[in-house]
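Okay, start_4.pdb now, which holds PDB, C-alpha atoms:
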ATOM      1  CA  MET A   1     -17.264   8.841  -2.889
ATOM      2  CA  HIS A   2     -14.223   7.075  -1.417
ATOM      3  CA  GLU A   3     -11.291   8.693   0.316
ATOM      4  CA  TYR A   4      -8.055   8.148  -1.572
ATOM      5  CA  GLN A   5      -4.698   7.883   0.169
ATOM      6  CA  ARG A   6      -2.513   7.378  -2.896
ATOM      7  CA  LEU A   7      -4.425   9.515  -5.360
ATOM      8  CA  GLU A   8      -5.518  13.108  -5.672
ATOM      9  CA  VAL A   9      -8.848  13.115  -7.436
ATOM     10  CA  THR A  10     -10.472  16.216  -8.968
ATOM     11  CA  GLU A  11     -13.177  16.789 -11.534
ATOM     12  CA  VAL A  12     -12.986  18.939 -14.635
ATOM     13  CA  GLY A  13     -16.435  18.886 -16.241
ATOM     14  CA  ASP A  14     -17.345  15.229 -16.619
ATOM     15  CA  VAL A  15     -13.709  14.082 -16.597
ATOM     16  CA  THR A  16     -12.094  12.738 -13.442
ATOM     17  CA  VAL A  17      -8.499  13.943 -13.229
ATOM     18  CA  VAL A  18      -6.199  11.767 -11.135
ATOM     19  CA  ARG A  19      -2.766  12.696  -9.793
ATOM     20  CA  PHE A  20      -0.439  10.499  -7.793
ATOM     21  CA  ARG A  21       0.717  11.326  -4.276
ATOM     22  CA  ASN A  22       3.802   9.072  -4.583
ATOM     23  CA  ARG A  23       6.761  10.284  -6.590
ATOM     24  CA  ARG A  24       7.989   6.721  -6.921
ATOM     25  CA  ILE A  25       5.447   4.024  -7.725
ATOM     26  CA  THR A  26       7.434   0.973  -6.780
ATOM     27  CA  GLU A  27       7.080  -0.826  -3.506
ATOM     28  CA  ASP A  28       4.670  -3.709  -3.279
ATOM     29  CA  ILE A  29       2.368  -2.059  -0.816
ATOM     30  CA  ASP A  30       2.166   1.150  -2.844
ATOM     31  CA  ILE A  31       1.356  -0.796  -5.954
ATOM     32  CA  GLN A  32      -1.368  -2.885  -4.323
ATOM     33  CA  GLU A  33      -2.989   0.111  -2.641
ATOM     34  CA  LEU A  34      -2.633   2.247  -5.708
ATOM     35  CA  GLY A  35      -4.217  -0.441  -7.868
ATOM     36  CA  SER A  36      -7.140  -0.841  -5.462
ATOM     37  CA  GLU A  37      -7.759   2.903  -5.400
ATOM     38  CA  MET A  38      -7.602   3.265  -9.178
ATOM     39  CA  PHE A  39      -9.942   0.305  -9.679
ATOM     40  CA  SER A  40     -12.296   1.734  -7.060
ATOM     41  CA  LEU A  41     -12.683   4.906  -9.146
ATOM     42  CA  VAL A  42     -14.171   2.761 -11.882
ATOM     43  CA  GLU A  43     -15.893  -0.017  -9.963
ATOM     44  CA  ASN A  44     -17.264   1.844  -6.932
ATOM     45  CA  ASP A  45     -17.448   5.481  -7.989
ATOM     46  CA  ASN A  46     -18.497   4.624 -11.565
ATOM     47  CA  ARG A  47     -16.172   7.169 -13.162
ATOM     48  CA  GLU A  48     -16.346   6.769 -16.922
ATOM     49  CA  LYS A  49     -13.870   9.370 -18.172
ATOM     50  CA  LEU A  50     -10.505   9.144 -16.471
ATOM     51  CA  LEU A  51      -7.384  11.215 -17.029
ATOM     52  CA  LEU A  52      -4.251  10.129 -15.204
ATOM     53  CA  ASN A  53      -1.881  13.082 -14.879
ATOM     54  CA  PHE A  54       1.669  11.791 -14.216
ATOM     55  CA  SER A  55       3.245  15.195 -13.526
ATOM     56  CA  THR A  56       4.212  14.220  -9.968
ATOM     57  CA  VAL A  57       5.613  10.800 -10.873
ATOM     58  CA  GLU A  58       9.372  10.474 -11.261
ATOM     59  CA  PHE A  59       9.614   6.709 -11.305
ATOM     60  CA  LEU A  60       7.493   3.686 -12.110
ATOM     61  CA  GLY A  61       8.328   0.088 -12.952
ATOM     62  CA  SER A  62       6.733  -2.926 -14.590
ATOM     63  CA  ALA A  63       4.438  -3.655 -11.630
ATOM     64  CA  ALA A  64       2.815  -0.230 -12.092
ATOM     65  CA  LEU A  65       2.452  -0.876 -15.832
ATOM     66  CA  GLY A  66       0.547  -4.043 -15.002
ATOM     67  CA  LYS A  67      -1.907  -2.082 -12.857
ATOM     68  CA  LEU A  68      -2.399   0.493 -15.626
ATOM     69  CA  ILE A  69      -3.194  -2.262 -18.143
ATOM     70  CA  THR A  70      -5.740  -3.765 -15.742
ATOM     71  CA  LEU A  71      -7.265  -0.323 -15.154
ATOM     72  CA  ASP A  72      -7.598   0.192 -18.889
ATOM     73  CA  ARG A  73      -9.373  -3.143 -19.219
ATOM     74  CA  LYS A  74     -11.815  -2.248 -16.414
ATOM     75  CA  VAL A  75     -12.543   1.172 -17.912
ATOM     76  CA  LYS A  76     -13.144  -0.242 -21.401
ATOM     77  CA  ALA A  77     -15.360  -3.038 -20.032
ATOM     78  CA  ARG A  78     -17.725  -0.323 -18.798
ATOM     79  CA  GLY A  79     -17.560   1.676 -22.013
ATOM     80  CA  GLY A  80     -15.388   4.364 -20.435
ATOM     81  CA  VAL A  81     -12.373   6.297 -21.675
ATOM     82  CA  LEU A  82      -8.884   6.422 -20.138
ATOM     83  CA  LYS A  83      -6.174   8.901 -21.090
ATOM     84  CA  PHE A  84      -2.733   9.761 -19.698
ATOM     85  CA  SER A  85      -0.902  13.081 -19.669
ATOM     86  CA  ASN A  86       2.226  14.851 -18.383
ATOM     87  CA  ILE A  87       4.527  11.838 -18.606
ATOM     88  CA  GLY A  88       8.176  12.806 -18.065
ATOM     89  CA  SER A  89      10.862  11.769 -20.574
ATOM     90  CA  ASN A  90      12.337   8.902 -18.526
ATOM     91  CA  ILE A  91       8.969   7.314 -17.856
ATOM     92  CA  HIS A  92       7.909   7.921 -21.437
ATOM     93  CA  GLU A  93      10.852   5.754 -22.495
ATOM     94  CA  VAL A  94       9.466   2.953 -20.331
ATOM     95  CA  PHE A  95       6.181   3.193 -22.266
ATOM     96  CA  VAL A  96       7.988   3.286 -25.618
ATOM     97  CA  ILE A  97      10.239   0.285 -24.872
ATOM     98  CA  THR A  98       7.265  -1.820 -23.785
ATOM     99  CA  LYS A  99       5.238  -0.403 -26.724
ATOM    100  CA  LEU A 100       2.551   0.633 -24.272
ATOM    101  CA  ASN A 101       2.715   4.129 -25.776
ATOM    102  CA  LEU A 102       0.764   2.563 -28.658
ATOM    103  CA  PHE A 103      -1.718   0.869 -26.340
ATOM    104  CA  PHE A 104      -2.568   3.820 -24.103
ATOM    105  CA  ASP A 105      -3.863   7.201 -25.246
ATOM    106  CA  ILE A 106      -1.063   9.509 -24.087
ATOM    107  CA  LYS A 107      -1.340  13.288 -24.454
ATOM    108  CA  GLU A 108       1.321  15.917 -23.877
ATOM    109  CA  ASP A 109      -0.453  17.812 -21.112
ATOM    110  CA  GLU A 110      -3.726  18.038 -19.268
ATOM    111  CA  VAL A 111      -5.221  20.679 -21.572
ATOM    112  CA  ASP A 112      -4.595  18.504 -24.650
ATOM    113  CA  ALA A 113      -5.976  15.447 -22.903
ATOM    114  CA  LEU A 114      -9.145  17.165 -21.656
ATOM    115  CA  ALA A 115      -9.829  18.531 -25.126
ATOM    116  CA  ALA A 116      -9.598  15.005 -26.546
ATOM    117  CA  PHE A 117     -12.393  13.440 -24.450
TER
ATOM    118  CA  MET B   1      55.567   1.997 -21.388
ATOM    119  CA  ALA B   2      55.398  -1.472 -19.888
ATOM    120  CA  THR B   3      55.856  -0.119 -16.384
ATOM    121  CA  VAL B   4      52.991   2.291 -16.940
ATOM    122  CA  ASP B   5      50.754  -0.610 -17.955
ATOM    123  CA  VAL B   6      51.658  -2.458 -14.777
ATOM    124  CA  GLU B   7      50.838   0.615 -12.741
ATOM    125  CA  ILE B   8      47.447   0.884 -14.401
ATOM    126  CA  THR B   9      46.533  -2.712 -13.631
ATOM    127  CA  LYS B  10      47.278  -2.100  -9.962
ATOM    128  CA  ILE B  11      44.625   0.587  -9.765
ATOM    129  CA  ASP B  12      41.342  -0.677  -8.350
ATOM    130  CA  PRO B  13      38.702   0.136 -10.981
ATOM    131  CA  TRP B  14      35.982   0.251  -8.350
ATOM    132  CA  LEU B  15      35.444   3.325  -6.221
ATOM    133  CA  TRP B  16      32.760   1.718  -4.082
ATOM    134  CA  ARG B  17      31.971  -1.865  -3.219
ATOM    135  CA  TYR B  18      28.793  -2.959  -1.547
ATOM    136  CA  ASP B  19      27.911  -6.535  -0.659
ATOM    137  CA  ARG B  20      24.796  -7.346   1.344
ATOM    138  CA  VAL B  21      22.618 -10.358   2.009
ATOM    139  CA  ILE B  22      19.040  -9.249   2.626
ATOM    140  CA  ALA B  23      15.810 -11.005   3.536
ATOM    141  CA  SER B  24      13.138 -11.393   0.849
ATOM    142  CA  ASP B  25      11.448  -8.185   1.821
ATOM    143  CA  SER B  26      10.715  -5.093  -0.266
ATOM    144  CA  THR B  27      11.649  -2.732   2.581
ATOM    145  CA  MET B  28      15.118  -4.282   2.782
ATOM    146  CA  ALA B  29      15.397  -4.103  -0.993
ATOM    147  CA  ARG B  30      14.472  -0.417  -0.853
ATOM    148  CA  ARG B  31      17.276   0.172   1.638
ATOM    149  CA  VAL B  32      20.072  -1.330  -0.482
ATOM    150  CA  LEU B  33      18.666   0.336  -3.584
ATOM    151  CA  ASP B  34      18.679   3.742  -1.882
ATOM    152  CA  GLU B  35      22.279   3.202  -0.683
ATOM    153  CA  MET B  36      23.333   2.542  -4.258
ATOM    154  CA  LEU B  37      21.398   5.491  -5.716
ATOM    155  CA  ALA B  38      22.945   7.816  -3.113
ATOM    156  CA  GLN B  39      26.400   6.749  -4.338
ATOM    157  CA  LEU B  40      25.476   7.501  -7.953
ATOM    158  CA  GLU B  41      24.225  10.937  -6.886
ATOM    159  CA  ALA B  42      27.446  11.503  -4.920
ATOM    160  CA  GLN B  43      29.484  10.616  -8.031
ATOM    161  CA  HIS B  44      27.388  13.084 -10.055
ATOM    162  CA  TRP B  45      26.013  10.534 -12.488
ATOM    163  CA  GLN B  46      23.423  12.127 -14.778
ATOM    164  CA  GLN B  47      19.764  11.656 -13.861
ATOM    165  CA  ARG B  48      19.097   9.688 -17.019
ATOM    166  CA  ASP B  49      21.670   7.048 -16.022
ATOM    167  CA  ILE B  50      20.453   7.004 -12.429
ATOM    168  CA  PHE B  51      16.903   6.376 -13.639
ATOM    169  CA  ALA B  52      18.132   3.491 -15.833
ATOM    170  CA  VAL B  53      20.117   1.827 -13.026
ATOM    171  CA  HIS B  54      17.268   2.419 -10.579
ATOM    172  CA  LEU B  55      14.699   0.843 -12.885
ATOM    173  CA  ALA B  56      16.798  -2.213 -13.788
ATOM    174  CA  THR B  57      17.775  -2.855 -10.159
ATOM    175  CA  GLU B  58      14.220  -2.405  -8.943
ATOM    176  CA  GLU B  59      13.024  -4.977 -11.493
ATOM    177  CA  ALA B  60      15.823  -7.435 -10.693
ATOM    178  CA  LEU B  61      15.246  -7.196  -6.925
ATOM    179  CA  ALA B  62      11.489  -7.628  -7.372
ATOM    180  CA  ASN B  63      12.108 -10.707  -9.542
ATOM    181  CA  ALA B  64      14.495 -12.180  -6.955
ATOM    182  CA  ILE B  65      12.117 -11.595  -4.029
ATOM    183  CA  GLN B  66       8.814 -12.439  -5.699
ATOM    184  CA  HIS B  67       9.598 -15.033  -8.351
ATOM    185  CA  GLY B  68      12.949 -16.403  -7.182
ATOM    186  CA  ASN B  69      12.351 -16.699  -3.451
ATOM    187  CA  GLY B  70       8.538 -16.669  -3.632
ATOM    188  CA  ARG B  71       8.495 -13.995  -0.864
ATOM    189  CA  ASP B  72       9.732 -16.661   1.554
ATOM    190  CA  ALA B  73      11.234 -14.707   4.481
ATOM    191  CA  ARG B  74      13.603 -17.613   5.223
ATOM    192  CA  LYS B  75      15.267 -17.149   1.846
ATOM    193  CA  ASN B  76      17.777 -14.409   1.182
ATOM    194  CA  VAL B  77      18.875 -12.262  -1.726
ATOM    195  CA  ARG B  78      22.518 -11.332  -2.222
ATOM    196  CA  PHE B  79      23.078  -7.858  -3.599
ATOM    197  CA  VAL B  80      26.547  -6.896  -4.820
ATOM    198  CA  CYS B  81      27.291  -3.504  -6.321
ATOM    199  CA  LEU B  82      30.606  -2.334  -7.751
ATOM    200  CA  LEU B  83      30.749   1.309  -8.735
ATOM    201  CA  GLY B  84      33.570   2.630 -10.899
ATOM    202  CA  SER B  85      34.159   6.080 -12.327
ATOM    203  CA  ASP B  86      32.490   5.204 -15.631
ATOM    204  CA  ARG B  87      30.648   1.955 -14.986
ATOM    205  CA  ILE B  88      28.435   0.256 -12.439
ATOM    206  CA  ARG B  89      28.022  -3.491 -12.002
ATOM    207  CA  ILE B  90      25.175  -5.035 -10.029
ATOM    208  CA  GLU B  91      24.877  -8.724  -9.172
ATOM    209  CA  ILE B  92      21.659 -10.052  -7.652
ATOM    210  CA  THR B  93      21.257 -13.690  -6.658
ATOM    211  CA  ASP B  94      18.284 -15.415  -5.048
ATOM    212  CA  GLU B  95      17.769 -18.858  -3.564
ATOM    213  CA  GLY B  96      15.146 -19.951  -6.069
ATOM    214  CA  ARG B  97      15.280 -22.715  -8.643
ATOM    215  CA  GLY B  98      16.025 -20.203 -11.359
ATOM    216  CA  PHE B  99      14.239 -19.566 -14.628
ATOM    217  CA  ASN B 100      15.032 -19.555 -18.330
ATOM    218  CA  PRO B 101      15.094 -15.911 -19.470
ATOM    219  CA  LEU B 102      14.844 -17.047 -23.099
ATOM    220  CA  ALA B 103      11.483 -18.694 -22.391
ATOM    221  CA  LEU B 104       9.798 -15.453 -21.313
ATOM    222  CA  PRO B 105       6.931 -14.317 -23.548
ATOM    223  CA  ASP B 106       7.314 -11.160 -25.619
ATOM    224  CA  PRO B 107       5.398  -8.643 -23.490
ATOM    225  CA  THR B 108       4.924  -6.298 -26.449
ATOM    226  CA  CYS B 109       2.878  -8.899 -28.317
ATOM    227  CA  ASP B 110      -0.921  -8.281 -28.082
ATOM    228  CA  HIS B 111      -1.427 -11.857 -26.983
ATOM    229  CA  HIS B 112       0.745 -11.387 -23.868
ATOM    230  CA  LEU B 113      -0.186  -7.803 -23.073
ATOM    231  CA  HIS B 114      -2.147  -8.723 -19.980
ATOM    232  CA  SER B 115       0.478 -11.123 -18.687
ATOM    233  CA  PRO B 116       2.709  -9.739 -15.933
ATOM    234  CA  ARG B 117       5.663 -11.811 -17.191
ATOM    235  CA  GLY B 118       8.594 -10.591 -19.197
ATOM    236  CA  ARG B 119       8.180  -6.834 -18.976
ATOM    237  CA  GLY B 120      10.688  -6.410 -16.112
ATOM    238  CA  VAL B 121      13.473  -8.353 -17.846
ATOM    239  CA  MET B 122      12.770  -6.472 -21.063
ATOM    240  CA  LEU B 123      13.256  -3.143 -19.252
ATOM    241  CA  MET B 124      16.469  -4.401 -17.603
ATOM    242  CA  ARG B 125      17.921  -5.302 -21.001
ATOM    243  CA  ALA B 126      16.800  -2.019 -22.571
ATOM    244  CA  PHE B 127      18.117   0.324 -19.889
ATOM    245  CA  MET B 128      21.412  -1.407 -19.005
ATOM    246  CA  SER B 129      24.507  -1.806 -21.201
ATOM    247  CA  ARG B 130      24.874  -5.521 -20.461
ATOM    248  CA  VAL B 131      22.631  -8.076 -18.725
ATOM    249  CA  ALA B 132      23.578 -11.724 -18.175
ATOM    250  CA  PHE B 133      21.869 -14.498 -16.235
ATOM    251  CA  ASN B 134      23.782 -17.380 -14.674
ATOM    252  CA  ALA B 135      23.241 -20.933 -15.925
ATOM    253  CA  ARG B 136      20.771 -21.817 -13.177
ATOM    254  CA  GLY B 137      18.817 -18.620 -13.803
ATOM    255  CA  ASN B 138      18.766 -17.506 -10.166
ATOM    256  CA  GLY B 139      21.389 -14.794 -10.584
ATOM    257  CA  VAL B 140      21.725 -11.761 -12.829
ATOM    258  CA  THR B 141      24.707  -9.508 -13.507
ATOM    259  CA  MET B 142      24.025  -6.116 -15.038
ATOM    260  CA  GLU B 143      26.353  -3.314 -16.067
ATOM    261  CA  LYS B 144      25.699   0.249 -17.075
ATOM    262  CA  ASP B 145      28.293   2.385 -18.816
ATOM    263  CA  ARG B 146      28.119   5.982 -17.709
ATOM    264  CA  GLY B 147      26.648   8.343 -20.301
ATOM    265  CA  GLN B 148      25.946   5.613 -22.834
ATOM    266  CA  LYS B 149      22.781   5.557 -24.923
ATOM    267  CA  GLU B 150      20.239   2.907 -24.060
ATOM    268  CA  ASN B 151      20.345  -0.445 -25.847
ATOM    269  CA  TRP B 152      16.966  -0.109 -27.421
ATOM    270  CA  LYS B 153      17.768   3.054 -29.374
TER
END

File written out as structure tokens:
Amino acid sequence: MHEYQRLEVTEVGDVTVVRFRNRRITEDIDIQELGSEMFSLVENDNREKLLLNFSTVEFLGSAALGKLITLDRKVKARGGVLKFSNIGSNIHEVFVITKLNLFFDIKEDEVDALAAF
Amino acid sequence: MATVDVEITKIDPWLWRYDRVIASDSTMARRVLDEMLAQLEAQHWQQRDIFAVHLATEEALANAIQHGNGRDARKNVRFVCLLGSDRIRIEITDEGRGFNPLALPDPTCDHHLHSPRGRGVMLMRAFMSRVAFNARGNGVTMEKDRGQKENWK
């Protein structure tokens, strides 16, 4: 298993729960590193059921959305499942405006999301 | 009444003016962005508005540095911020050739979902009260009215 600098990775049953160490997912370097770490979960660690818990995230922009779309594609290509939870109201608006709330499987909280795998 | 009107026009509508030329570097962009956000906090703007201004400015600066100046360290970005009691105006200009904002793909369309283009400008328009690009397309002026609902609602 890899060490993750940007992510906090735990396991609940067969689901990998991921939290973010950065409150703001913005700067180029964060985004690149964050993307690499998220992709590594799928490509190197072979995690098939991923839950991204956004409870620690206060801000994210379009660059982060791009990484999430790529992650979703990588997960689906391997027959896996990706869900999101605990998205705050401001960030939820970002998903709604871009209509990505319809693309991603977003649950209210971690309990709801885990029950839906 | 006329004298009162004259008095009003003499009042500077801006409480804070900030004008910086920065290198095409995300660390420099972070610095001017944080200066601006600190002013909004100091003026007790609500968190919802601060998030909106933060997001739009972040997207505009990223566009200027990455797409406008192509991350060329020899090219600069001018960042101008005017903060009034009920409105903020941000002007960001790069040294690039400019682009046509009307030619951006619709990022909400399935066909363009995996394209990185267009989502940033869409968020700028949605979260700010007004967004206008100059004719060359290398400069954007954005305004946010304090406490106003977002454009997309």

Atomic separation - CA of Gly79 in chain A relative to CA of Leu52 in chain A, Å: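 Distance reported for this atom pair: 17.2 Å.
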
Nearest to Leu123 in chain B, chosen from B:Gly84, B:Gly68, B:Gly137, B:Pro107, with only C-alpha atoms counted in the distances: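 Closest candidate: B:Pro107.
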
Neighbours of chain A in chain B at 10 Å, counting only C-alpha atoms, as a PyMOL selection string: chain B and resi 25-27+29-30+47-49+51-52+54-56+58-59+62+66+106-110+113-123+126-127+150+152-153

Could those residues be written to a file, using C-alpha atoms, as a compact mmCIF listing (two decimals), in the coordinates of the input?
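Below is the file that was written, part_30.txt:
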# COMPACT_ATOMS: atom_id res chain seq x y z
CA ASP B 25 11.45 -8.18 1.82
CA SER B 26 10.72 -5.09 -0.27
CA THR B 27 11.65 -2.73 2.58
CA ALA B 29 15.40 -4.10 -0.99
CA ARG B 30 14.47 -0.42 -0.85
CA GLN B 47 19.76 11.66 -13.86
CA ARG B 48 19.10 9.69 -17.02
CA ASP B 49 21.67 7.05 -16.02
CA PHE B 51 16.90 6.38 -13.64
CA ALA B 52 18.13 3.49 -15.83
CA HIS B 54 17.27 2.42 -10.58
CA LEU B 55 14.70 0.84 -12.88
CA ALA B 56 16.80 -2.21 -13.79
CA GLU B 58 14.22 -2.40 -8.94
CA GLU B 59 13.02 -4.98 -11.49
CA ALA B 62 11.49 -7.63 -7.37
CA GLN B 66 8.81 -12.44 -5.70
CA ASP B 106 7.31 -11.16 -25.62
CA PRO B 107 5.40 -8.64 -23.49
CA THR B 108 4.92 -6.30 -26.45
CA CYS B 109 2.88 -8.90 -28.32
CA ASP B 110 -0.92 -8.28 -28.08
CA LEU B 113 -0.19 -7.80 -23.07
CA HIS B 114 -2.15 -8.72 -19.98
CA SER B 115 0.48 -11.12 -18.69
CA PRO B 116 2.71 -9.74 -15.93
CA ARG B 117 5.66 -11.81 -17.19
CA GLY B 118 8.59 -10.59 -19.20
CA ARG B 119 8.18 -6.83 -18.98
CA GLY B 120 10.69 -6.41 -16.11
CA VAL B 121 13.47 -8.35 -17.85
CA MET B 122 12.77 -6.47 -21.06
CA LEU B 123 13.26 -3.14 -19.25
CA ALA B 126 16.80 -2.02 -22.57
CA PHE B 127 18.12 0.32 -19.89
CA GLU B 150 20.24 2.91 -24.06
CA TRP B 152 16.97 -0.11 -27.42
CA LYS B 153 17.77 3.05 -29.37

CA of Pro13 in chain B to CA of Ala38 in chain B, distance in Å rounded to a single decimal: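 So the two atoms, CA of Pro13 in chain B and CA of Ala38 in chain B, lie 19.2 Å apart.
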
Ref. answer, residues at most 12 Å from (-14.0, 17.9, -14.7) with only C-alpha atoms, as a ChimeraX atom specification: /A:9-18,47-51,110-111,113-115,117

Selection: 7 Å around Val21 in chain B, all atoms listed in the file, excl. self and same-chain fewer than 5 positions, as number ranges by chain: B: 76-79

Neighbour list for Asp19 in chain B as a list in words, cut-off 12 Å, only C-alpha atoms, skip fewer than 5 positions in-chain: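 The contact residues come out as Val32, Leu33, Glu35, Met36, Val77, Arg78, Phe79, Val80, Cys81, Leu82, Leu83, Arg89, Ile90, Glu91, Ile92 and Thr93 of chain B.
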
CA of Asp145 in chain B to CA of Arg87 in chain B, straight-line distance in Å: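 Taking CA of Arg87 in chain B as the start and CA of Asp145 in chain B as the end point, the length is 4.5 Å.
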
Target residues per the PyMOL selection byres ((chain A and resi 107) around 9), formatted as a list in words: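 Taken over the shown coordinates, the PyMOL selection byres ((chain A and resi 107) around 9) returns Lys83, Phe84, Ser85, Asn86, Ile87, Asp105, Ile106, Glu108, Asp109, Glu110, Val111, Asp112, Ala113 and Ala116 of chain A.
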
Please rebuild range 39-50 of chain B with N, CA and C atoms and give the result as a tab-separated table (two decimals), keeping the file's coordinate frame.
chain	number	residue	atom	x	y	z
B	39	GLN	N	25.02	6.75	-3.83
B	39	GLN	CA	26.40	6.75	-4.34
B	39	GLN	C	26.47	7.32	-5.75
B	40	LEU	N	25.50	6.97	-6.58
B	40	LEU	CA	25.48	7.50	-7.95
B	40	LEU	C	25.30	9.02	-7.94
B	41	GLU	N	24.43	9.48	-7.04
B	41	GLU	CA	24.22	10.94	-6.89
B	41	GLU	C	25.54	11.59	-6.44
B	42	ALA	N	26.20	10.94	-5.46
B	42	ALA	CA	27.45	11.50	-4.92
B	42	ALA	C	28.54	11.58	-5.98
B	43	GLN	N	28.49	10.63	-6.94
B	43	GLN	CA	29.48	10.62	-8.03
B	43	GLN	C	29.02	11.45	-9.22
B	44	HIS	N	27.92	12.17	-9.03
B	44	HIS	CA	27.39	13.08	-10.06
B	44	HIS	C	27.03	12.39	-11.37
B	45	TRP	N	26.52	11.16	-11.27
B	45	TRP	CA	26.01	10.53	-12.49
B	45	TRP	C	24.78	11.32	-12.95
B	46	GLN	N	24.56	11.35	-14.28
B	46	GLN	CA	23.42	12.13	-14.78
B	46	GLN	C	22.11	11.40	-14.44
B	47	GLN	N	21.05	12.19	-14.31
B	47	GLN	CA	19.76	11.66	-13.86
B	47	GLN	C	19.24	10.56	-14.78
B	48	ARG	N	19.54	10.68	-16.04
B	48	ARG	CA	19.10	9.69	-17.02
B	48	ARG	C	19.70	8.31	-16.71
B	49	ASP	N	20.98	8.30	-16.38
B	49	ASP	CA	21.67	7.05	-16.02
B	49	ASP	C	21.15	6.51	-14.69
B	50	ILE	N	20.94	7.43	-13.74
B	50	ILE	CA	20.45	7.00	-12.43
B	50	ILE	C	19.07	6.35	-12.57
